[in-house]
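*Asks:* entry.cif (mmCIF, C-alpha atoms) pasted underneath:
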```cif
data_start
#
loop_
_atom_site.label_atom_id
_atom_site.label_comp_id
_atom_site.auth_asym_id
_atom_site.auth_seq_id
_atom_site.Cartn_x
_atom_site.Cartn_y
_atom_site.Cartn_z
CA MET A 1 137.38 87.82 -178.10
CA ASN A 2 136.76 89.09 -174.62
CA THR A 3 137.04 86.25 -172.10
CA LYS A 4 135.94 88.37 -169.17
CA TYR A 5 132.43 86.91 -169.04
CA PRO A 6 133.41 83.21 -169.08
CA LEU A 7 135.98 83.98 -166.39
CA ILE A 8 133.37 85.75 -164.25
CA PHE A 9 131.01 82.80 -164.76
CA MET A 10 133.66 80.28 -163.63
CA LEU A 11 134.54 82.38 -160.58
CA ALA A 12 130.86 82.71 -159.67
CA LEU A 13 130.37 78.97 -160.08
CA GLY A 14 133.38 78.27 -157.87
CA ALA A 15 132.14 80.73 -155.21
CA GLY A 16 128.68 79.12 -155.31
CA VAL A 17 130.07 75.62 -154.86
CA LEU A 18 132.30 76.89 -152.04
CA MET A 19 129.30 78.45 -150.27
CA VAL A 20 127.27 75.24 -150.57
CA GLN A 21 130.18 73.17 -149.26
CA MET A 22 130.81 75.51 -146.34
CA SER A 23 127.13 75.71 -145.41
CA GLY A 24 127.04 72.07 -144.37
CA PHE A 25 124.18 71.19 -146.71
CA MET A 26 126.08 68.34 -148.34
CA THR A 27 126.85 66.79 -144.94
CA VAL A 28 123.15 66.85 -144.09
CA ALA A 29 122.17 65.53 -147.52
CA THR A 30 124.81 62.79 -147.85
CA GLY A 31 125.66 61.90 -144.25
CA PRO A 32 128.82 62.36 -142.19
CA ASP A 33 132.30 62.16 -143.61
CA PRO A 34 133.61 58.58 -143.27
CA THR A 35 137.17 59.79 -142.57
CA SER A 36 136.28 62.36 -139.91
CA GLY A 37 137.53 60.19 -137.02
CA LEU A 38 140.84 59.37 -138.67
CA ASN A 39 143.59 61.64 -137.39
CA SER A 40 146.84 59.70 -137.69
CA PRO A 41 148.61 58.99 -140.97
CA ASP A 42 148.57 55.25 -140.23
CA LYS A 43 144.78 55.20 -139.96
CA LEU A 44 144.46 57.29 -143.12
CA ASN A 45 146.79 54.98 -145.02
CA GLN A 46 144.92 51.92 -143.79
CA SER A 47 141.60 53.50 -144.80
CA ALA A 48 143.00 54.33 -148.25
CA LYS A 49 144.27 50.77 -148.71
CA ASN A 50 140.87 49.37 -147.74
CA ALA A 51 138.91 51.79 -149.92
CA SER A 52 140.52 51.21 -153.32
CA GLY A 53 143.49 49.76 -155.13
CA ILE A 54 145.22 53.15 -155.37
CA GLU A 55 147.55 53.90 -152.47
CA GLY A 56 148.96 57.16 -151.26
CA ASP A 57 151.20 58.24 -148.44
CA ALA A 58 149.44 60.45 -145.90
CA SER A 59 152.52 61.25 -143.82
CA SER A 60 153.61 64.84 -143.32
CA SER A 61 157.32 64.09 -143.76
CA ASN A 62 157.49 64.99 -147.47
CA ASP A 63 160.57 66.63 -148.96
CA GLY A 64 160.48 70.35 -148.29
CA ASP A 65 163.29 71.49 -150.56
CA ILE A 66 162.96 73.63 -153.67
CA VAL A 67 163.63 70.71 -156.03
CA GLY A 68 160.73 68.74 -154.56
CA LEU A 69 158.51 71.80 -154.85
CA ILE A 70 159.42 72.29 -158.52
CA ILE A 71 158.92 68.61 -159.33
CA ALA A 72 155.55 68.56 -157.56
CA GLY A 73 154.48 71.74 -159.36
CA VAL A 74 155.48 70.41 -162.78
CA THR A 75 153.70 67.12 -162.06
CA ASN A 76 150.52 68.91 -161.02
CA MET A 77 150.65 71.20 -164.06
CA GLY A 78 151.05 68.14 -166.28
CA LYS A 79 148.00 66.54 -164.70
CA LEU A 80 146.02 69.77 -165.18
CA LEU A 81 147.08 69.99 -168.82
CA GLY A 82 146.14 66.35 -169.38
CA MET A 83 142.74 66.96 -167.83
CA TYR A 84 142.25 70.00 -170.07
CA VAL A 85 143.25 68.10 -173.21
CA MET A 86 141.09 65.08 -172.39
CA LEU A 87 138.02 67.11 -171.33
CA PRO A 88 135.59 65.91 -174.06
CA TRP A 89 136.41 62.26 -173.39
CA GLU A 90 136.25 62.78 -169.62
CA LEU A 91 132.80 64.37 -169.95
CA ASN A 92 131.71 61.39 -172.03
CA ASP A 93 133.11 58.98 -169.42
CA LEU A 94 131.23 60.84 -166.68
CA GLY A 95 127.94 60.01 -168.39
CA LEU A 96 127.30 62.93 -170.70
CA PRO A 97 126.16 61.67 -174.13
CA TRP A 98 128.76 61.91 -176.91
CA TYR A 99 126.68 64.39 -178.90
CA ALA A 100 126.82 66.80 -175.94
CA ALA A 101 130.22 65.94 -174.42
CA TYR A 102 132.38 66.45 -177.50
CA PRO A 103 130.99 69.85 -178.59
CA LEU A 104 130.88 71.16 -175.01
CA GLY A 105 134.41 69.96 -174.29
CA GLY A 106 135.67 71.31 -177.61
CA ILE A 107 134.13 74.74 -177.05
CA THR A 108 135.60 74.82 -173.54
CA GLN A 109 139.01 73.92 -174.94
CA VAL A 110 138.81 76.67 -177.57
CA LEU A 111 137.76 79.29 -175.00
CA GLY A 112 140.47 78.14 -172.61
CA GLY A 113 143.06 78.28 -175.38
CA ILE A 114 142.04 81.82 -176.29
CA ALA A 115 142.17 82.83 -172.63
CA LEU A 116 145.66 81.34 -172.21
CA TRP A 117 146.83 83.04 -175.41
CA GLN A 118 145.55 86.38 -174.14
CA LEU A 119 147.06 85.82 -170.71
CA GLY A 120 150.42 84.82 -172.13
CA GLY A 121 150.55 87.64 -174.65
CA SER A 122 149.06 90.31 -172.39
CA ARG A 123 146.57 91.31 -175.09
CA VAL A 124 142.84 91.29 -175.66
CA PHE A 125 141.33 90.36 -179.03
CA ARG A 126 138.33 92.52 -179.89
#
```
Is it possible to give me this structure as structure tokens?
*Replies:*
Amino acid sequence: MNTKYPLIFMLALGAGVLMVQMSGFMTVATGPDPTSGLNSPDKLNQSAKNASGIEGDASSSNDGDIVGLIIAGVTNMGKLLGMYVMLPWELNDLGLPWYAAYPLGGITQVLGGIALWQLGGSRVFR
């Protein structure tokens, strides 16, 4: 299976979303960014604590060594893999009906699996 066309579609979709975001249309349509006046990490942390129950550190003094980089990369790849595996259920939780979310998520998982297999094996199935 040639995955060139789904890949081109995803790149075009990403470029389109990027162009809309950079044009400023969403700022006009939804209003100004509520965190635009917050520059210091303390104000950002306070805003994050007030906004939701999930907290995060906004300081720039994170570990810069190679071990921290590897751990952060593995953590992010794990989150990405979890999002990929849970895609049908996430689509259903986002409001898509089950009869559309599960087939769409399953097809996306199959196409993504084929693409990863081709990428890892450096081959193209025809």
*Asks:* Quick one: distance from CA of Leu111 in chain A to CA of Lys79 in chain A in Å, one decimal?
*Replies:*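 About the pair CA of Leu111 in chain A and CA of Lys79 in chain A: they are 19.3 Å apart.
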*Asks:* Which residue out of A:Gly120, A:Gly16, A:Gly113, A:Pro97 has the minimum interatomic distance to Val85 in chain A when only C-alpha atoms are used?
*Replies:*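 Selected residue with least distance to Val85 in chain A: A:Gly113.
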*Asks:* Residues within 6 Å of range 100-107 of chain A, please, as number ranges by chain. Count all atoms listed in the file; anything in the same chain fewer than 5 positions from it doesn't count.
*Replies:* A: 87-88, 91-92
*Asks:* Using C-alpha atoms, can you write the selected residues to a file as a tab-separated table (two decimals), in the coordinates of the input?
*Replies:*
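Done, and the output landed in result.tsv:
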```tsv
chain	number	residue	atom	x	y	z
A	87	LEU	CA	138.02	67.11	-171.33
A	88	PRO	CA	135.59	65.91	-174.06
A	91	LEU	CA	132.80	64.37	-169.95
A	92	ASN	CA	131.71	61.39	-172.03
```
*Asks:* Please, what distance in Å, to one decimal, runs between CA of Leu13 in chain A and CA of Gly73 in chain A?
*Replies:*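 Spanning CA of Leu13 in chain A to CA of Gly73 in chain A is a straight-line distance of 25.2 Å.
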*Asks:* Do you have the CA of Leu11 in chain A-CA of Gly121 in chain A distance handy?
*Replies:*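 Atom-to-atom, CA of Leu11 in chain A and CA of Gly121 in chain A are spaced 22.0 Å apart.
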